[in-house]
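Everything on this sheet refers to the single structure shown next.
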Amino acid sequence: MKKICLLTLSTLMAMTGWAQENNYTIKADVSDLIKYYEGQEKELSDSIYLLDITTQKPVTEKIALKDPTKIELSGYVDSPKIIHMIVFQTFEGWTRNLFVPLFLEPGNIVVDAKAESPYVEGTPLNNAFFPCNRKIREAIKNGEPELALQYSVDYVLEHSKDLSAVLMLYSMKNKTDEDAKQLLNLIAQCGESVRQHPLIVSLFKRLNHPLVGDMFKDFAVEYEGKTTRLSDYVGKGKYVLVDFWASWCGPCRAEIPNLIKVYEQYKEKGLVVLGVAVNDKPEDTLKAIEKDKITYPQILNSQDIAAETYDFNSIPTIILFDPDGKIVARELRGNDINKKMAEIFGE
């Protein structure tokens with residue numbers, strides 16, 4: 001019995017020690033964030049809480065801020081997580097959330113929440129990530145985006161098997177298809193734990209859409225018992241300029257006169273202009289077609305299908321395909337369309 005009691009006691013002590021090892025504290029000074037918005041409106045209330053970026057679930061309850069220079073949170077974390085420390089500010093008539101990303105892991109975390117560049121230290125992942133993040137920001141500020149990108153790439157390759165690579169990859173915003181291809185290649189060089197992290201799985205899915213230089217990806221749309229496919233127009237031996245638009249979209253409607261002009265100018269030379277209505281009621285699309293006197297063909301009722309296939313969240317999105325169906329350009333607008341047509345058709 002005595003041996004059993006001793007064994008139980010030692011087990012409890014070990015478990016207690018293990019639990020203590022997984023405790024965290026966060027000491028933060030967010031006064032600079034508060035000062036950043038001084039003079040806009042009188043503050044009614046401020047609070048702070050932690051949000052798991054992956055699950056989008058709160059890690060803590062909201063805690064009222066009495067002194068933004070002396071914030072201390074503590075708790076238990078079973079494994080390192082990427083979180084947002086969120087300062088929730090309520091002003092007269094409006095609210096604002098201020099986000100500070102960091103790694104929640106066992107140990108004592110210190111946060112200096114500066115308005116332009118928060119800095120976090122005290123635990124392994126934070127100590128690795130934030131010095132590099134500071135170098136990246138300084139390079140961008142100095143007008144050296146290529147150097148900033150190189151810092152990011154080098155960091156991911158060096159930390160390809162740990163959680164900090166996830167946050168670095170997730171923060172690398174792609175502005176062009178070339179950026180997306182480089183990011184996909186970088187993800188492929190990471191360890192499985194990074195590649196399979198939910199944030200990277202989501203990012204990979206978003207990036208893995210047809211890019212400039214890729215062949216078109218087909219989709220099918222049902223309307224009034226008829227199936228229409230993008231492949232009914234693309235890959236048929238002609239250049240195809242596809243306008244993803246909606247009747248309720250002002251910028252889309254503003255682009256239509258130029259598309260009509262381009263179509264009329266180049267259709268005899270082998271250009272097809274195709275409208276694809278997204279997230280729009282077919283009856284509203286038809287009214288807009290009649291009102292704007294659109295002369296080129298349309299695919300009605302695509303709803304979310306086209307946007308999911310070509311990964312865009314704003315319209316108009318205009319994509320040019322070559323005669324074989326390969327993507328020549330994306331995000332064409334206004335005079336850029338005219339220049340591209342003149343380049344292709346020799347005018």
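Letters for chains follow the order of the structure tokens (A, B, ...), residue numbers begin at 1 for each chain, and ligand numbers begin at 1 in the order shown.
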Exercise. What lies within 9 Å of segment 124-127 of chain A using only C-alpha atoms, ignoring chain neighbours under 2 positions off, as JSON, numbers by chain?
Worked result: {"A": [80, 102, 103, 104, 105, 107, 109, 119, 120, 121, 122, 129, 130, 131, 162, 163, 164]}
Could you save those same residues with N, CA and C atoms as a compact mmCIF listing (two decimals), in the first residue's frame?
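Just written: result_17.txt:
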# COMPACT_ATOMS: atom_id res chain seq x y z
N PRO A 80 2.30 24.37 -29.09
CA PRO A 80 2.42 25.73 -29.63
C PRO A 80 1.33 26.04 -30.65
N LEU A 102 1.40 36.22 -32.90
CA LEU A 102 2.52 35.69 -32.12
C LEU A 102 2.34 34.19 -31.92
N PHE A 103 3.37 33.57 -31.35
CA PHE A 103 3.30 32.14 -31.06
C PHE A 103 2.99 31.95 -29.58
N LEU A 104 1.92 31.24 -29.30
CA LEU A 104 1.56 30.91 -27.92
C LEU A 104 2.21 29.58 -27.60
N GLU A 105 3.20 29.61 -26.71
CA GLU A 105 3.93 28.41 -26.33
C GLU A 105 4.36 28.54 -24.88
N GLY A 107 6.20 29.23 -21.55
CA GLY A 107 7.26 30.16 -21.22
C GLY A 107 6.72 31.56 -20.98
N ILE A 109 6.32 35.14 -22.35
CA ILE A 109 6.28 35.87 -23.62
C ILE A 109 6.13 37.36 -23.32
N TYR A 119 6.71 43.58 -31.72
CA TYR A 119 7.87 42.72 -31.50
C TYR A 119 7.59 41.82 -30.31
N VAL A 120 7.86 40.53 -30.48
CA VAL A 120 7.56 39.53 -29.46
C VAL A 120 8.82 38.71 -29.19
N GLU A 121 9.09 38.43 -27.92
CA GLU A 121 10.27 37.63 -27.57
C GLU A 121 10.02 36.86 -26.29
N GLY A 122 10.97 35.98 -25.94
CA GLY A 122 10.91 35.27 -24.67
C GLY A 122 10.76 33.78 -24.77
N PHE A 129 11.34 34.00 -34.94
CA PHE A 129 10.55 34.65 -35.99
C PHE A 129 10.69 36.17 -36.02
N PHE A 130 10.59 36.81 -34.87
CA PHE A 130 10.43 38.26 -34.87
C PHE A 130 11.69 39.06 -35.25
N PRO A 131 12.90 38.61 -34.93
CA PRO A 131 14.06 39.33 -35.47
C PRO A 131 14.09 39.33 -37.00
N ASP A 162 9.32 23.62 -38.66
CA ASP A 162 8.69 24.09 -37.42
C ASP A 162 7.58 25.08 -37.70
N LEU A 163 6.79 25.35 -36.69
CA LEU A 163 5.57 26.13 -36.82
C LEU A 163 5.82 27.56 -37.29
N SER A 164 7.00 28.10 -37.01
CA SER A 164 7.25 29.48 -37.41
C SER A 164 7.28 29.64 -38.92
Exercise. Near Ile26 of chain A, within 6 Å and counting only C-alpha atoms, which residues show up once chain neighbours fewer than 4 positions away are dropped, as a ChimeraX atom specification?
Worked result: /A:72-73,109-110
Selection to disk with N, CA and C atoms, as an mmCIF file, in the first residue's frame:
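Output file again.cif is given in full below:
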data_model
loop_
_atom_site.group_PDB
_atom_site.id
_atom_site.type_symbol
_atom_site.label_atom_id
_atom_site.label_comp_id
_atom_site.auth_asym_id
_atom_site.auth_seq_id
_atom_site.Cartn_x
_atom_site.Cartn_y
_atom_site.Cartn_z
ATOM 1 N N GLU A 72 -0.970 41.492 -18.334
ATOM 2 C CA GLU A 72 -0.395 40.174 -18.087
ATOM 3 C C GLU A 72 -1.481 39.122 -18.182
ATOM 4 N N LEU A 73 -1.263 38.156 -19.086
ATOM 5 C CA LEU A 73 -2.168 37.028 -19.261
ATOM 6 C C LEU A 73 -1.407 35.759 -18.943
ATOM 7 N N ILE A 109 6.317 35.137 -22.350
ATOM 8 C CA ILE A 109 6.277 35.868 -23.615
ATOM 9 C C ILE A 109 6.131 37.357 -23.323
ATOM 10 N N VAL A 110 6.960 38.161 -23.971
ATOM 11 C CA VAL A 110 6.917 39.612 -23.792
ATOM 12 C C VAL A 110 6.549 40.255 -25.124
#
For this session: Fewer than 6 positions away in the same chain doesn't count, so skip those; otherwise give me all residues within 10 Å of Thr60 of chain A, counting only C-alpha atoms, as a PyMOL selection string.
Result: chain A and resi 48-52+73-75+85
Problem set entry | Residue set, segment 131-320 of chain A restricted to strand (DSSP E or B), as a PyMOL selection string | chain A and resi 215+220-223+226-229+239-245+271-277+298-299+317-320
Those same residues - C-alpha atoms - I'd like them written as a PDB file, in the first residue's frame.
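For reference, again12.pdb as written:
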ATOM      1  CA  MET A 215      -3.688  25.707 -69.486  1.00  0.00           C
ATOM      2  CA  ALA A 220     -19.691  23.769 -66.482  1.00  0.00           C
ATOM      3  CA  VAL A 221     -22.779  25.874 -65.774  1.00  0.00           C
ATOM      4  CA  GLU A 222     -26.402  24.783 -65.849  1.00  0.00           C
ATOM      5  CA  TYR A 223     -29.103  27.226 -66.957  1.00  0.00           C
ATOM      6  CA  LYS A 226     -28.694  23.578 -70.876  1.00  0.00           C
ATOM      7  CA  THR A 227     -25.069  22.968 -69.886  1.00  0.00           C
ATOM      8  CA  THR A 228     -22.487  25.521 -71.039  1.00  0.00           C
ATOM      9  CA  ARG A 229     -18.759  25.012 -70.535  1.00  0.00           C
ATOM     10  CA  TYR A 239      -7.750  34.283 -78.483  1.00  0.00           C
ATOM     11  CA  VAL A 240     -10.512  34.539 -75.869  1.00  0.00           C
ATOM     12  CA  LEU A 241     -10.882  37.491 -73.509  1.00  0.00           C
ATOM     13  CA  VAL A 242     -13.105  36.363 -70.628  1.00  0.00           C
ATOM     14  CA  ASP A 243     -14.821  38.985 -68.482  1.00  0.00           C
ATOM     15  CA  PHE A 244     -16.081  37.696 -65.112  1.00  0.00           C
ATOM     16  CA  TRP A 245     -18.697  40.253 -64.105  1.00  0.00           C
ATOM     17  CA  LEU A 271     -10.652  37.524 -80.980  1.00  0.00           C
ATOM     18  CA  VAL A 272     -13.553  36.194 -78.938  1.00  0.00           C
ATOM     19  CA  VAL A 273     -14.833  38.190 -75.977  1.00  0.00           C
ATOM     20  CA  LEU A 274     -16.868  36.155 -73.501  1.00  0.00           C
ATOM     21  CA  GLY A 275     -18.842  37.385 -70.520  1.00  0.00           C
ATOM     22  CA  VAL A 276     -19.288  35.085 -67.510  1.00  0.00           C
ATOM     23  CA  ALA A 277     -21.875  36.296 -65.010  1.00  0.00           C
ATOM     24  CA  GLN A 298     -22.336  35.202 -72.335  1.00  0.00           C
ATOM     25  CA  ILE A 299     -22.386  32.338 -69.864  1.00  0.00           C
ATOM     26  CA  THR A 317     -11.681  39.876 -63.296  1.00  0.00           C
ATOM     27  CA  ILE A 318     -10.586  39.662 -66.934  1.00  0.00           C
ATOM     28  CA  ILE A 319      -8.424  36.801 -68.213  1.00  0.00           C
ATOM     29  CA  LEU A 320      -6.943  36.371 -71.692  1.00  0.00           C
TER      30      LEU A 320
END
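Atom to atom, atom CA of Ser117 of chain A and atom CA of Asp67 of chain A stand 20.9 Å apart.
The list of residues with at least one atom within 8 Å of Ser47 of chain A, based on only C-alpha atoms and without residues fewer than 6 positions apart in the same chain, reads Lys62, Ile63, Ala64, Leu65, Val87, Phe88 and Gln89 of chain A.
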Problem set entry | Contacts of Arg137 of chain A at 10 Å (only C-alpha atoms; same-chain gap of 5+ positions) as a list in words | Glu116, Ser117, Cys132, Asn142, Gly143, Glu144, Pro145 and Ala148 of chain A
If you keep all heavy atoms, can you produce a file of those selected residues as a PDB file, in the first residue's frame?
ATOM      1  N   GLU A 116       3.251  50.027 -35.826  1.00  0.00           N
ATOM      2  CA  GLU A 116       3.711  49.658 -37.160  1.00  0.00           C
ATOM      3  C   GLU A 116       4.393  48.293 -37.187  1.00  0.00           C
ATOM      4  O   GLU A 116       4.325  47.585 -38.173  1.00  0.00           O
ATOM      5  CB  GLU A 116       4.667  50.728 -37.703  1.00  0.00           C
ATOM      6  CG  GLU A 116       3.984  52.067 -37.965  1.00  0.00           C
ATOM      7  CD  GLU A 116       4.936  53.065 -38.590  1.00  0.00           C
ATOM      8  OE1 GLU A 116       6.122  52.720 -38.774  1.00  0.00           O
ATOM      9  OE2 GLU A 116       4.504  54.189 -38.884  1.00  0.00           O
ATOM     10  N   SER A 117       5.085  47.935 -36.118  1.00  0.00           N
ATOM     11  CA  SER A 117       5.841  46.685 -36.127  1.00  0.00           C
ATOM     12  C   SER A 117       5.928  46.070 -34.738  1.00  0.00           C
ATOM     13  O   SER A 117       6.892  46.292 -34.013  1.00  0.00           O
ATOM     14  CB  SER A 117       7.251  46.936 -36.678  1.00  0.00           C
ATOM     15  OG  SER A 117       7.991  45.747 -36.719  1.00  0.00           O
ATOM     16  N   CYS A 132      13.719  38.200 -37.613  1.00  0.00           N
ATOM     17  CA  CYS A 132      13.662  38.148 -39.064  1.00  0.00           C
ATOM     18  C   CYS A 132      12.545  39.032 -39.599  1.00  0.00           C
ATOM     19  O   CYS A 132      12.702  39.740 -40.598  1.00  0.00           O
ATOM     20  CB  CYS A 132      13.462  36.711 -39.542  1.00  0.00           C
ATOM     21  SG  CYS A 132      13.463  36.531 -41.331  1.00  0.00           S
ATOM     22  N   ASN A 142      12.884  50.481 -46.585  1.00  0.00           N
ATOM     23  CA  ASN A 142      14.009  51.062 -47.309  1.00  0.00           C
ATOM     24  C   ASN A 142      13.890  50.912 -48.823  1.00  0.00           C
ATOM     25  O   ASN A 142      14.834  51.214 -49.564  1.00  0.00           O
ATOM     26  CB  ASN A 142      15.326  50.432 -46.841  1.00  0.00           C
ATOM     27  CG  ASN A 142      15.649  50.787 -45.394  1.00  0.00           C
ATOM     28  OD1 ASN A 142      15.224  51.824 -44.887  1.00  0.00           O
ATOM     29  ND2 ASN A 142      16.398  49.917 -44.727  1.00  0.00           N
ATOM     30  N   GLY A 143      12.739  50.420 -49.269  1.00  0.00           N
ATOM     31  CA  GLY A 143      12.531  50.262 -50.704  1.00  0.00           C
ATOM     32  C   GLY A 143      13.300  49.105 -51.313  1.00  0.00           C
ATOM     33  O   GLY A 143      13.711  49.175 -52.473  1.00  0.00           O
ATOM     34  N   GLU A 144      13.474  48.026 -50.540  1.00  0.00           N
ATOM     35  CA  GLU A 144      14.202  46.854 -51.008  1.00  0.00           C
ATOM     36  C   GLU A 144      13.318  45.606 -50.932  1.00  0.00           C
ATOM     37  O   GLU A 144      13.578  44.680 -50.152  1.00  0.00           O
ATOM     38  CB  GLU A 144      15.467  46.648 -50.181  1.00  0.00           C
ATOM     39  CG  GLU A 144      16.447  47.816 -50.249  1.00  0.00           C
ATOM     40  CD  GLU A 144      17.645  47.607 -49.345  1.00  0.00           C
ATOM     41  OE1 GLU A 144      17.446  47.561 -48.109  1.00  0.00           O
ATOM     42  OE2 GLU A 144      18.771  47.481 -49.880  1.00  0.00           O
ATOM     43  N   PRO A 145      12.260  45.529 -51.740  1.00  0.00           N
ATOM     44  CA  PRO A 145      11.332  44.390 -51.654  1.00  0.00           C
ATOM     45  C   PRO A 145      11.980  43.054 -51.991  1.00  0.00           C
ATOM     46  O   PRO A 145      11.594  42.024 -51.434  1.00  0.00           O
ATOM     47  CB  PRO A 145      10.239  44.756 -52.676  1.00  0.00           C
ATOM     48  CG  PRO A 145      10.894  45.716 -53.622  1.00  0.00           C
ATOM     49  CD  PRO A 145      11.857  46.494 -52.783  1.00  0.00           C
ATOM     50  N   ALA A 148      13.714  41.865 -48.926  1.00  0.00           N
ATOM     51  CA  ALA A 148      12.702  41.414 -47.968  1.00  0.00           C
ATOM     52  C   ALA A 148      12.211  40.017 -48.322  1.00  0.00           C
ATOM     53  O   ALA A 148      12.062  39.149 -47.448  1.00  0.00           O
ATOM     54  CB  ALA A 148      11.537  42.397 -47.936  1.00  0.00           C
TER      55      ALA A 148
END
Problem set entry | Separation of atom CA of Ser314 of chain A from atom CA of Pro251 of chain A in Å |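 Interatomic distance, atom CA of Pro251 of chain A to atom CA of Ser314 of chain A: 10.3 Å.
For the set A:Lys81, A:Lys281, A:Lys66, A:His159, the residue with the smallest atom-to-atom gap to Leu300 of chain A is A:Lys281, counting only C-alpha atoms.
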For this session: Could you find all residues in segment 70-230 of chain A that DSSP calls alpha helix (DSSP H) from the backbone, and write them as a count of residues only?
Result: 67
Problem set entry | Atom-to-atom span, atom CA of Leu33 of chain A and atom CA of Ile86 of chain A, Å | 10.8 Å
For this session: Excluding Gly346 of chain A and residues on its chain fewer than 6 positions from it, collect all residues at most 12 Å away from it, counting only C-alpha atoms, and give them as a ChimeraX atom specification.
Result: /A:266,269,338-340
Problem set entry | Long-range neighbours of Ile187 of chain A as an MDAnalysis selection string, 12 Å cut-off, only C-alpha atoms, 4 positions minimum in chain | chainID A and resid 153 156:157 159:161 165:170 172 180:183 191:197 199:205 207:208
Take the residues from that selection and put them in a file with N, CA and C atoms, as an mmCIF file, in the first residue's frame.
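Wrote it out as out00.cif, contents follow:
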data_model
loop_
_atom_site.group_PDB
_atom_site.id
_atom_site.type_symbol
_atom_site.label_atom_id
_atom_site.label_comp_id
_atom_site.auth_asym_id
_atom_site.auth_seq_id
_atom_site.Cartn_x
_atom_site.Cartn_y
_atom_site.Cartn_z
ATOM 1 N N VAL A 153 12.227 33.913 -47.721
ATOM 2 C CA VAL A 153 12.523 32.609 -48.320
ATOM 3 C C VAL A 153 13.587 31.876 -47.502
ATOM 4 N N VAL A 156 12.099 30.515 -44.244
ATOM 5 C CA VAL A 156 11.263 29.321 -44.416
ATOM 6 C C VAL A 156 12.128 28.086 -44.645
ATOM 7 N N LEU A 157 13.164 28.202 -45.467
ATOM 8 C CA LEU A 157 14.028 27.055 -45.737
ATOM 9 C C LEU A 157 14.789 26.622 -44.487
ATOM 10 N N HIS A 159 13.735 27.048 -41.376
ATOM 11 C CA HIS A 159 12.775 26.571 -40.367
ATOM 12 C C HIS A 159 11.676 25.720 -41.015
ATOM 13 N N SER A 160 12.056 24.960 -42.025
ATOM 14 C CA SER A 160 11.073 24.268 -42.860
ATOM 15 C C SER A 160 10.262 23.201 -42.144
ATOM 16 N N LYS A 161 10.659 22.861 -40.903
ATOM 17 C CA LYS A 161 9.935 21.801 -40.189
ATOM 18 C C LYS A 161 9.272 22.299 -38.904
ATOM 19 N N ALA A 165 7.625 28.573 -39.655
ATOM 20 C CA ALA A 165 7.583 28.630 -41.122
ATOM 21 C C ALA A 165 6.159 28.814 -41.613
ATOM 22 N N VAL A 166 5.201 28.274 -40.872
ATOM 23 C CA VAL A 166 3.789 28.421 -41.252
ATOM 24 C C VAL A 166 3.391 29.892 -41.267
ATOM 25 N N LEU A 167 3.730 30.607 -40.204
ATOM 26 C CA LEU A 167 3.363 32.021 -40.133
ATOM 27 C C LEU A 167 4.094 32.834 -41.191
ATOM 28 N N MET A 168 5.364 32.509 -41.444
ATOM 29 C CA MET A 168 6.114 33.243 -42.464
ATOM 30 C C MET A 168 5.504 33.014 -43.843
ATOM 31 N N LEU A 169 5.187 31.771 -44.164
ATOM 32 C CA LEU A 169 4.553 31.476 -45.451
ATOM 33 C C LEU A 169 3.214 32.185 -45.581
ATOM 34 N N TYR A 170 2.457 32.154 -44.502
ATOM 35 C CA TYR A 170 1.118 32.734 -44.531
ATOM 36 C C TYR A 170 1.166 34.254 -44.688
ATOM 37 N N MET A 172 3.417 35.857 -46.496
ATOM 38 C CA MET A 172 4.007 36.232 -47.787
ATOM 39 C C MET A 172 2.896 36.433 -48.813
ATOM 40 N N ALA A 180 2.949 33.592 -56.755
ATOM 41 C CA ALA A 180 2.214 32.399 -56.335
ATOM 42 C C ALA A 180 3.002 31.139 -56.653
ATOM 43 N N LYS A 181 3.622 31.101 -57.828
ATOM 44 C CA LYS A 181 4.407 29.928 -58.206
ATOM 45 C C LYS A 181 5.603 29.744 -57.272
ATOM 46 N N GLN A 182 6.242 30.853 -56.905
ATOM 47 C CA GLN A 182 7.393 30.772 -56.010
ATOM 48 C C GLN A 182 6.964 30.288 -54.632
ATOM 49 N N LEU A 183 5.805 30.746 -54.181
ATOM 50 C CA LEU A 183 5.317 30.341 -52.870
ATOM 51 C C LEU A 183 4.933 28.867 -52.858
ATOM 52 N N GLY A 191 8.717 20.600 -44.496
ATOM 53 C CA GLY A 191 8.403 19.315 -43.904
ATOM 54 C C GLY A 191 6.911 19.055 -43.874
ATOM 55 N N GLU A 192 6.556 17.820 -43.638
ATOM 56 C CA GLU A 192 5.143 17.431 -43.681
ATOM 57 C C GLU A 192 4.309 18.177 -42.652
ATOM 58 N N SER A 193 4.863 18.412 -41.454
ATOM 59 C CA SER A 193 4.094 19.101 -40.414
ATOM 60 C C SER A 193 3.717 20.516 -40.838
ATOM 61 N N VAL A 194 4.576 21.144 -41.642
ATOM 62 C CA VAL A 194 4.273 22.485 -42.168
ATOM 63 C C VAL A 194 3.281 22.382 -43.317
ATOM 64 N N ARG A 195 3.534 21.471 -44.244
ATOM 65 C CA ARG A 195 2.655 21.333 -45.418
ATOM 66 C C ARG A 195 1.238 20.944 -45.024
ATOM 67 N N GLN A 196 1.106 20.145 -43.949
ATOM 68 C CA GLN A 196 -0.212 19.666 -43.545
ATOM 69 C C GLN A 196 -0.897 20.568 -42.512
ATOM 70 N N HIS A 197 -0.240 21.652 -42.127
ATOM 71 C CA HIS A 197 -0.882 22.563 -41.190
ATOM 72 C C HIS A 197 -2.110 23.177 -41.869
ATOM 73 N N LEU A 199 -3.506 26.023 -41.959
ATOM 74 C CA LEU A 199 -3.308 27.313 -42.624
ATOM 75 C C LEU A 199 -2.608 27.143 -43.967
ATOM 76 N N ILE A 200 -1.650 26.232 -44.044
ATOM 77 C CA ILE A 200 -0.915 26.025 -45.292
ATOM 78 C C ILE A 200 -1.757 25.222 -46.282
ATOM 79 N N VAL A 201 -2.534 24.285 -45.787
ATOM 80 C CA VAL A 201 -3.461 23.555 -46.669
ATOM 81 C C VAL A 201 -4.414 24.538 -47.337
ATOM 82 N N SER A 202 -4.948 25.470 -46.543
ATOM 83 C CA SER A 202 -5.852 26.493 -47.076
ATOM 84 C C SER A 202 -5.131 27.408 -48.059
ATOM 85 N N LEU A 203 -3.909 27.813 -47.705
ATOM 86 C CA LEU A 203 -3.123 28.677 -48.574
ATOM 87 C C LEU A 203 -2.794 27.975 -49.882
ATOM 88 N N PHE A 204 -2.391 26.710 -49.801
ATOM 89 C CA PHE A 204 -2.060 25.940 -50.997
ATOM 90 C C PHE A 204 -3.259 25.857 -51.940
ATOM 91 N N LYS A 205 -4.426 25.618 -51.370
ATOM 92 C CA LYS A 205 -5.635 25.511 -52.179
ATOM 93 C C LYS A 205 -5.922 26.832 -52.884
ATOM 94 N N LEU A 207 -3.711 29.169 -53.662
ATOM 95 C CA LEU A 207 -2.668 29.467 -54.644
ATOM 96 C C LEU A 207 -2.725 28.551 -55.856
ATOM 97 N N ASN A 208 -3.241 27.347 -55.663
ATOM 98 C CA ASN A 208 -3.176 26.322 -56.700
ATOM 99 C C ASN A 208 -4.301 26.463 -57.715
#
